[in-house]
Every structure is written in structure tokens, then in C-alpha cells.
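Shown next: structure_21.txt, containing compact mmCIF, C-alpha atoms and all ligand atoms.
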# COMPACT_ATOMS: atom_id res chain seq x y z
CA MET A 400 1.49 -20.57 3.06
CA ARG A 401 3.33 -18.46 5.65
CA THR A 402 1.37 -15.28 6.32
CA LEU A 403 2.46 -12.23 8.30
CA ASP A 404 0.02 -9.52 9.37
CA LEU A 405 2.21 -6.42 9.74
CA GLY A 406 0.56 -3.94 12.08
CA CYS A 407 -2.26 -6.35 12.90
CA GLY A 408 -3.60 -4.26 15.80
CA SER A 409 -6.61 -6.03 17.30
CA ASN A 410 -7.70 -7.33 13.93
CA LYS A 411 -5.19 -10.09 13.14
CA THR A 412 -5.87 -12.17 10.02
CA GLU A 413 -6.74 -15.76 10.91
CA GLY A 414 -3.77 -18.10 10.56
CA ALA A 415 -1.25 -15.25 10.28
CA LEU A 416 1.62 -14.35 12.54
CA GLY A 417 0.89 -10.88 13.90
CA ALA A 418 3.44 -8.11 14.42
CA ASP A 419 2.68 -4.73 15.94
CA LEU A 420 4.19 -2.04 18.13
CA THR A 421 1.33 -2.13 20.62
CA LYS A 422 1.39 -4.49 23.58
CA GLY A 423 -2.12 -5.79 24.26
CA SER A 424 -2.87 -6.00 20.51
CA ASP A 425 -3.22 -9.38 18.75
CA ALA A 426 0.51 -9.29 17.99
CA ASP A 427 2.61 -12.43 18.47
CA VAL A 428 5.76 -10.33 18.05
CA ILE A 429 6.26 -6.74 19.20
CA VAL A 430 8.14 -4.82 16.51
CA ASN A 431 8.67 -1.13 15.78
CA PHE A 432 8.52 -0.91 11.98
CA ASP A 433 10.45 2.37 12.10
CA GLN A 434 13.50 0.51 13.45
CA PHE A 435 15.56 -1.73 11.20
CA TYR A 436 15.93 -4.65 10.81
CA TYR A 437 12.75 -6.59 11.64
CA PRO A 438 13.25 -9.84 13.61
CA PHE A 439 12.42 -12.15 10.67
CA LYS A 440 14.73 -14.11 8.40
CA ASP A 441 15.10 -13.33 4.68
CA SER A 442 12.27 -14.70 2.52
CA SER A 443 10.28 -16.03 5.49
CA PHE A 444 6.74 -15.13 4.35
CA ASP A 445 4.76 -15.88 1.16
CA HIS A 446 1.99 -13.46 2.01
CA ILE A 447 2.24 -10.20 3.94
CA ILE A 448 -0.81 -8.20 4.96
CA PHE A 449 -0.31 -4.50 5.60
CA ASN A 450 -3.62 -2.82 6.32
CA HIS A 451 -3.75 0.82 7.42
CA VAL A 452 -0.18 0.91 8.73
CA ILE A 453 2.09 2.37 6.02
CA GLU A 454 0.71 5.89 6.58
CA HIS A 455 1.99 5.76 10.20
CA LEU A 456 5.62 4.99 9.31
CA THR A 457 8.51 7.40 8.78
CA ASN A 458 10.69 6.10 5.96
CA VAL A 459 8.30 4.41 3.53
CA PRO A 460 10.90 3.32 0.89
CA GLN A 461 13.09 1.76 3.59
CA VAL A 462 10.08 -0.02 5.11
CA MET A 463 9.22 -1.41 1.67
CA GLU A 464 12.79 -2.63 1.15
CA GLU A 465 12.67 -4.37 4.52
CA ILE A 466 9.33 -5.98 3.66
CA CYS A 467 10.86 -7.20 0.40
CA ARG A 468 13.73 -8.78 2.34
CA ILE A 469 11.37 -10.86 4.53
CA CYS A 470 9.00 -11.69 1.64
CA SER A 471 9.69 -14.83 -0.39
CA PRO A 472 10.46 -14.53 -4.14
CA ASN A 473 7.10 -13.90 -5.85
CA GLY A 474 5.53 -13.43 -2.41
CA ILE A 475 2.52 -11.13 -2.21
CA LEU A 476 2.24 -7.90 -0.25
CA GLU A 477 -1.33 -6.72 0.06
CA GLY A 478 -2.75 -3.83 1.96
CA GLU A 479 -4.72 -0.66 2.08
CA SER A 480 -4.20 2.90 3.17
CA PRO A 481 -6.49 5.94 3.25
CA HIS A 482 -6.57 7.97 0.03
CA PHE A 483 -5.35 11.55 0.48
CA SER A 484 -8.85 12.90 -0.27
CA SER A 485 -10.47 10.88 2.54
CA SER A 486 -11.11 12.71 5.80
CA ALA A 487 -9.76 9.56 7.51
CA SER A 488 -6.38 10.38 5.98
CA TYR A 489 -6.01 13.89 7.32
CA THR A 490 -7.89 13.77 10.65
CA ASP A 491 -5.57 11.25 12.38
CA PRO A 492 -2.54 13.19 13.70
CA THR A 493 -0.47 9.98 13.81
CA HIS A 494 -0.60 9.74 9.99
CA ARG A 495 2.75 10.87 8.63
CA HIS A 496 1.84 10.41 4.96
CA HIS A 497 -1.13 10.88 2.66
CA PHE A 498 -1.00 8.57 -0.33
CA SER A 499 -2.15 8.96 -3.89
CA TYR A 500 -2.69 6.32 -6.55
CA ARG A 501 0.58 7.44 -8.13
CA THR A 502 2.57 7.00 -4.92
CA PHE A 503 2.75 3.35 -5.94
CA ASP A 504 4.61 4.35 -9.11
CA PHE A 505 7.44 5.23 -6.72
CA LEU A 506 7.22 1.94 -4.81
CA ALA A 507 6.65 -0.70 -7.50
CA SER A 508 7.13 -1.23 -11.21
CA PRO A 509 4.04 -1.60 -13.42
CA GLY A 510 4.89 -5.19 -14.41
CA THR A 511 2.10 -6.69 -16.49
CA SER A 512 -0.67 -5.20 -14.34
CA ARG A 513 -3.75 -3.58 -15.89
CA GLN A 514 -2.28 -0.18 -14.92
CA GLY A 515 0.92 -1.01 -16.76
CA MET A 516 -0.98 -1.80 -19.97
CA LEU A 517 -3.24 1.24 -19.63
CA ARG A 518 -0.30 3.59 -19.09
CA ARG A 519 1.48 2.14 -22.13
CA VAL A 520 -1.63 2.77 -24.29
CA LEU A 521 -2.21 6.28 -22.85
CA GLY A 522 1.50 7.05 -23.29
CA LYS A 523 1.01 6.69 -27.07
CA PHE A 524 -1.53 9.55 -27.07
CA TYR A 525 -0.16 11.98 -24.53
CA LYS A 526 3.04 12.32 -22.56
CA LEU A 527 2.79 10.95 -19.04
CA ASP A 528 5.05 12.49 -16.41
CA GLU A 529 8.43 10.78 -16.24
CA LEU A 530 9.31 9.75 -12.69
CA LYS A 531 12.97 10.58 -12.34
CA HIS A 532 13.90 10.06 -8.72
CA ARG A 533 12.37 6.76 -7.78
CA PRO A 534 13.76 4.85 -4.80
CA LYS A 535 15.44 1.53 -5.53
CA VAL A 536 12.51 -0.39 -4.04
CA VAL A 537 10.63 0.32 -7.28
CA ASN A 538 12.60 -2.59 -8.77
CA GLN A 539 11.81 -4.89 -5.84
CA PHE A 540 8.03 -4.94 -6.18
CA GLN A 541 5.78 -5.31 -9.20
CA LYS A 542 2.19 -4.12 -9.20
CA ILE A 543 -0.45 -6.81 -9.50
CA ASP A 544 -3.19 -4.29 -8.83
CA VAL A 545 -3.55 -0.83 -7.31
CA ARG A 546 -7.01 0.67 -7.16
CA LEU A 547 -9.09 3.35 -5.50
CA ARG A 548 -12.02 2.29 -3.31
CA PHE A 549 -15.02 4.54 -2.68
CA ASN A 550 -18.14 4.51 -0.52
CA PRO A 551 -21.06 2.38 -1.83
CA LEU A 552 -22.94 5.40 -3.28
CA TYR A 553 -20.01 6.55 -5.43
CA ARG A 554 -19.43 2.94 -6.44
CA ARG A 555 -23.05 2.62 -7.58
CA LEU A 556 -22.84 5.91 -9.48
CA GLY A 557 -19.85 4.60 -11.45
CA ILE A 558 -17.42 7.12 -9.97
CA GLU A 559 -15.17 4.35 -8.63
CA TRP A 560 -15.05 2.73 -12.08
CA LEU A 561 -14.20 6.02 -13.85
CA ALA A 562 -11.62 7.08 -11.25
CA ASN A 563 -9.80 3.77 -11.66
CA ILE A 564 -9.71 4.16 -15.44
CA TYR A 565 -8.42 7.75 -15.26
CA PRO A 566 -6.71 7.99 -11.85
CA GLU A 567 -4.41 10.90 -12.77
CA LEU A 568 -7.35 12.94 -14.09
CA TYR A 569 -9.47 12.02 -11.07
CA GLU A 570 -6.78 12.94 -8.54
CA SER A 571 -5.90 16.21 -10.29
CA PHE A 572 -9.43 17.59 -10.74
CA PHE A 573 -12.14 15.61 -8.93
CA ALA A 574 -10.66 14.04 -5.77
CA PHE A 575 -11.99 16.70 -3.41
CA ILE A 576 -15.41 16.73 -5.12
CA PHE A 577 -15.87 12.93 -4.92
CA PRO A 578 -13.41 11.83 -2.21
CA ALA A 579 -12.15 8.25 -2.34
CA ARG A 580 -11.85 6.14 0.79
CA ASP A 581 -8.81 3.91 0.40
CA ILE A 582 -6.06 2.81 -1.93
CA VAL A 583 -5.99 -0.97 -2.14
CA PHE A 584 -2.72 -2.51 -3.35
CA ARG A 585 -1.43 -5.95 -4.27
CA LEU A 586 2.27 -6.18 -5.11
CA ARG A 587 4.60 -9.05 -5.96
CA ALA A 588 8.12 -9.23 -4.55
CA VAL A 589 10.68 -9.53 -7.34
CA LYS A 590 13.96 -11.01 -6.11
C1 LIG B 601 -5.06 1.78 12.06
S1 LIG B 601 -4.33 0.46 12.93
C2 LIG B 601 -4.59 -0.88 11.78
C3 LIG B 601 -4.75 -2.20 12.46
C4 LIG B 601 -5.13 -3.35 11.54
N1 LIG B 601 -4.12 -3.61 10.56
C5 LIG B 601 -6.46 -3.12 10.88
O1 LIG B 601 -6.52 -2.97 9.64
O2 LIG B 601 -7.48 -3.06 11.59
C6 LIG B 601 -2.59 0.78 12.78
C7 LIG B 601 -1.72 -0.21 13.49
O3 LIG B 601 -0.36 0.08 13.16
C8 LIG B 601 0.43 -0.06 14.33
N2 LIG B 601 1.64 0.76 14.20
C9 LIG B 601 1.69 2.10 14.04
N3 LIG B 601 2.98 2.51 14.01
C10 LIG B 601 3.74 1.39 14.14
C11 LIG B 601 5.15 1.15 14.19
N4 LIG B 601 6.02 2.14 14.12
N5 LIG B 601 5.58 -0.12 14.34
C12 LIG B 601 4.69 -1.15 14.43
N6 LIG B 601 3.34 -0.99 14.40
C13 LIG B 601 2.89 0.27 14.26
C14 LIG B 601 -0.49 0.41 15.45
O4 LIG B 601 -0.09 -0.10 16.70
C15 LIG B 601 -1.84 -0.11 15.01
O5 LIG B 601 -2.12 -1.38 15.52

Final C-alpha cells representation of the file:
Amino acid sequence: MRTLDLGCGSNKTEGALGADLTKGSDADVIVNFDQFYYPFKDSSFDHIIFNHVIEHLTNVPQVMEEICRICSPNGILEGESPHFSSSASYTDPTHRHHFSYRTFDFLASPGTSRQGMLRRVLGKFYKLDELKHRPKVVNQFQKIDVRLRFNPLYRRLGIEWLANIYPELYESFFAFIFPARDIVFRLRAVK
């Protein structure tokens, strides 16, 4: 298994090749992810880790397309990013984006994920928003899982469970009452 930790910082995953902008980090390769193309061959990694980096980058759809290029067919991209309701999302001035659960509807197709099935069932009862202007990368990744993660208290109270069943409802009405911490995503490269 060839693993790449994109934006590893000082926290590189064991056994992975690390890439980061910062000299003095754990990076084996210094790369600016805002400049294309990255110095890796097509389909070179089966597993790409992308923790707390995407929110720092300028052109998210283009970054995702580039990650798809270096990911092997059926390779896995997994990562996390602060949820827009988390104070960690909006206190760091180097964050260019604040992500919602539904941001991933613009970056990956539902595939056969739990969310895909749930949306199909909900779609029978009420009309879900149609996403009209999705970037082409939506056809290059399929969701395996996208979920909201909360602090341990909200998890114990069942808020995490409910928010992941009704993410649109949660984000529209309750996100700033019970803020989430992170969005955790696992996507499969389709190529
Ligand atoms: C919040 S840290 C996350 C580090 C590590 N992934 C973790 O989870 O602990 C964000 C990392 O993204 C890197 N980064 C930010 N912008 C970048 C860019 N344009 N190109 C490459 N790396 C970048 C930073 O250098 C930093 O190491």
C-alpha cells in the first residue's frame, strides 16, 4: 500500500510519504498544493491522507482533481476539516474556506454510501435541493462516508447521531446551538 500524507505538518502518518509546504515539518517532499501540478506520477498512491489542510487551499475543486490524478483507481482519500460551526474553523486567519456537510455533494458523487441511500429515501418524501453547478471533480470521487464529529458530551447526548441522520436540518437550524467539531470524509477515486 502506497500512502501519501498531504499536508503532514509535524504529524506524519507512520509509513507514509509526507508532503507539505513547510520546511522543518515531517515532509519528505516540499510542495505548495496551490501550485499545479504536484511532483507525483499519475495513480501513484493507493491511500491519501488529508487532515486539516483543505481549508487552507485556494482552489478546492482543482486540488481535488489533482489528488484524483495521483490517486490510483479505487484509491482512498481520507481526511478531516473543521466544520463551519466550530470556533476552530473561523478563528484561524489562514483558513480560506469553511466547510459544511453538503460541501462534499460538490466534490464527490453519493455512490452507494449510506448518505446516498438516505438521500434517495428522503427524496421520495420531500424535494432535496438540486445541485446545478457542480465542478467536474464530482464525477472523480465517490463518497464512502462523510460524517460530522462532535465533542464527547454532544456524542454522549446523541446529538452527533441525530446530526448525521439529518445533516441538512442540523446545519440549517441547530449548528450554532450545538456546534460540531470536524467533518470526517472517506472518498474513493473513480477513474
Ligand atoms: C493544521 S496543519 C495540519 C497538519 C497535519 N495534517 C495534522 O493533522 O496534524 C496544516 C498543514 O497544511 C500545510 N499547508 C497549508 N497550506 C499549504 C499549501 N499551500 N501547500 C502545502 N501545504 C500547506 C501547513 O504547512 C500545515 O502543515

Which of these, A:Gly423, A:Pro481, A:Gly406, A:Pro509, has the shortest distance to Phe549 of chain A once you count all atoms listed in the file?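 Closest to Phe549 of chain A, using all atoms listed in the file: A:Pro481.
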
Name each residue within 7 Å of ligand LIG 601 (chain B), counting only C-alpha atoms and all ligand atoms, as a list of chain:residue names.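 Within the 7 Å cut-off, the matching residues are A:Leu405, A:Gly406, A:Cys407, A:Gly408, A:Ser409, A:Asn410, A:Lys411, A:Asp419, A:Leu420, A:Thr421, A:Ser424, A:Val430, A:Asn431, A:Phe432, A:Asp433, A:Phe449, A:Asn450, A:His451, A:Val452, A:His455, A:Leu456.
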
Now that the selection is made, can you save its residues with C-alpha atoms as a PDB file, keeping the file's coordinate frame?
ATOM      1  CA  LEU A 405       2.210  -6.420   9.740  1.00  0.00           C
ATOM      2  CA  GLY A 406       0.560  -3.940  12.080  1.00  0.00           C
ATOM      3  CA  CYS A 407      -2.260  -6.350  12.900  1.00  0.00           C
ATOM      4  CA  GLY A 408      -3.600  -4.260  15.800  1.00  0.00           C
ATOM      5  CA  SER A 409      -6.610  -6.030  17.300  1.00  0.00           C
ATOM      6  CA  ASN A 410      -7.700  -7.330  13.930  1.00  0.00           C
ATOM      7  CA  LYS A 411      -5.190 -10.090  13.140  1.00  0.00           C
ATOM      8  CA  ASP A 419       2.680  -4.730  15.940  1.00  0.00           C
ATOM      9  CA  LEU A 420       4.190  -2.040  18.130  1.00  0.00           C
ATOM     10  CA  THR A 421       1.330  -2.130  20.620  1.00  0.00           C
ATOM     11  CA  SER A 424      -2.870  -6.000  20.510  1.00  0.00           C
ATOM     12  CA  VAL A 430       8.140  -4.820  16.510  1.00  0.00           C
ATOM     13  CA  ASN A 431       8.670  -1.130  15.780  1.00  0.00           C
ATOM     14  CA  PHE A 432       8.520  -0.910  11.980  1.00  0.00           C
ATOM     15  CA  ASP A 433      10.450   2.370  12.100  1.00  0.00           C
ATOM     16  CA  PHE A 449      -0.310  -4.500   5.600  1.00  0.00           C
ATOM     17  CA  ASN A 450      -3.620  -2.820   6.320  1.00  0.00           C
ATOM     18  CA  HIS A 451      -3.750   0.820   7.420  1.00  0.00           C
ATOM     19  CA  VAL A 452      -0.180   0.910   8.730  1.00  0.00           C
ATOM     20  CA  HIS A 455       1.990   5.760  10.200  1.00  0.00           C
ATOM     21  CA  LEU A 456       5.620   4.990   9.310  1.00  0.00           C
TER      22      LEU A 456
END

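Separating atom CA of Asn563 of chain A from atom CA of Tyr500 of chain A is a distance of 9.1 Å.
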
Which polymer residues, whether protein, DNA or RNA, lie within 9 Å of the coordinate (10.2, 1.8, 1.2) when you count only C-alpha atoms? List them as a list in words, using the chain letters and numbers from the file.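 Those within range, by chain then number, are Asn458, Val459, Pro460, Gln461, Val462, Met463, Glu464, Glu465, Ile466, Leu506, Pro534, Lys535, Val536 and Val537 of chain A.
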
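We find atom CA of Ser443 of chain A and atom CA of Glu479 of chain A to be spaced 21.7 Å apart.
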
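Taking atom CA of Tyr489 of chain A and atom CA of Ile453 of chain A as the two end points, the separation is 14.1 Å.
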
Closest of A:Arg587, A:Phe577, A:Gln541, A:Gly510 to Ile558 of chain A - atom-to-atom distances counting only C-alpha atoms: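 Of the candidates, the smallest distance to Ile558 of chain A is held by A:Phe577.
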
Kindly indicate which residue among A:Glu567, A:Glu559, A:Phe444, A:Thr457 lies nearest to Arg495 of chain A, using only C-alpha atoms for the distances.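 Smallest separation from Arg495 of chain A among the options: A:Thr457.
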
With distances taken over all atoms listed in the file, the candidate from A:Phe503, A:Phe540, A:Phe498, A:Phe573 nearest Val589 of chain A is A:Phe540

Among the residues A:Phe435, A:Phe483, A:Phe584, A:Phe572, the one that comes closest to Ile543 of chain A [using only C-alpha atoms]: A:Phe584

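Remark: for Val583 of chain A, the closest of the candidate residues A:Ser480, A:Ser471, A:Ser486, A:Thr502 is A:Ser480 (distances computed over only C-alpha atoms).
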
Would you pick out the contacts of segment 553-556 of chain A at 10 Å or less, using only C-alpha atoms, so that residues sharing its chain but fewer than 5 positions from it are not included, and give the list as number ranges by chain? A: 548, 561, 577-579

Contacts of Pro472 of chain A at 7 Å or less, counting all atoms listed in the file, minus same-chain residues fewer than 5 places along, as a VMD selection string? chain A and resid 442 588 to 590
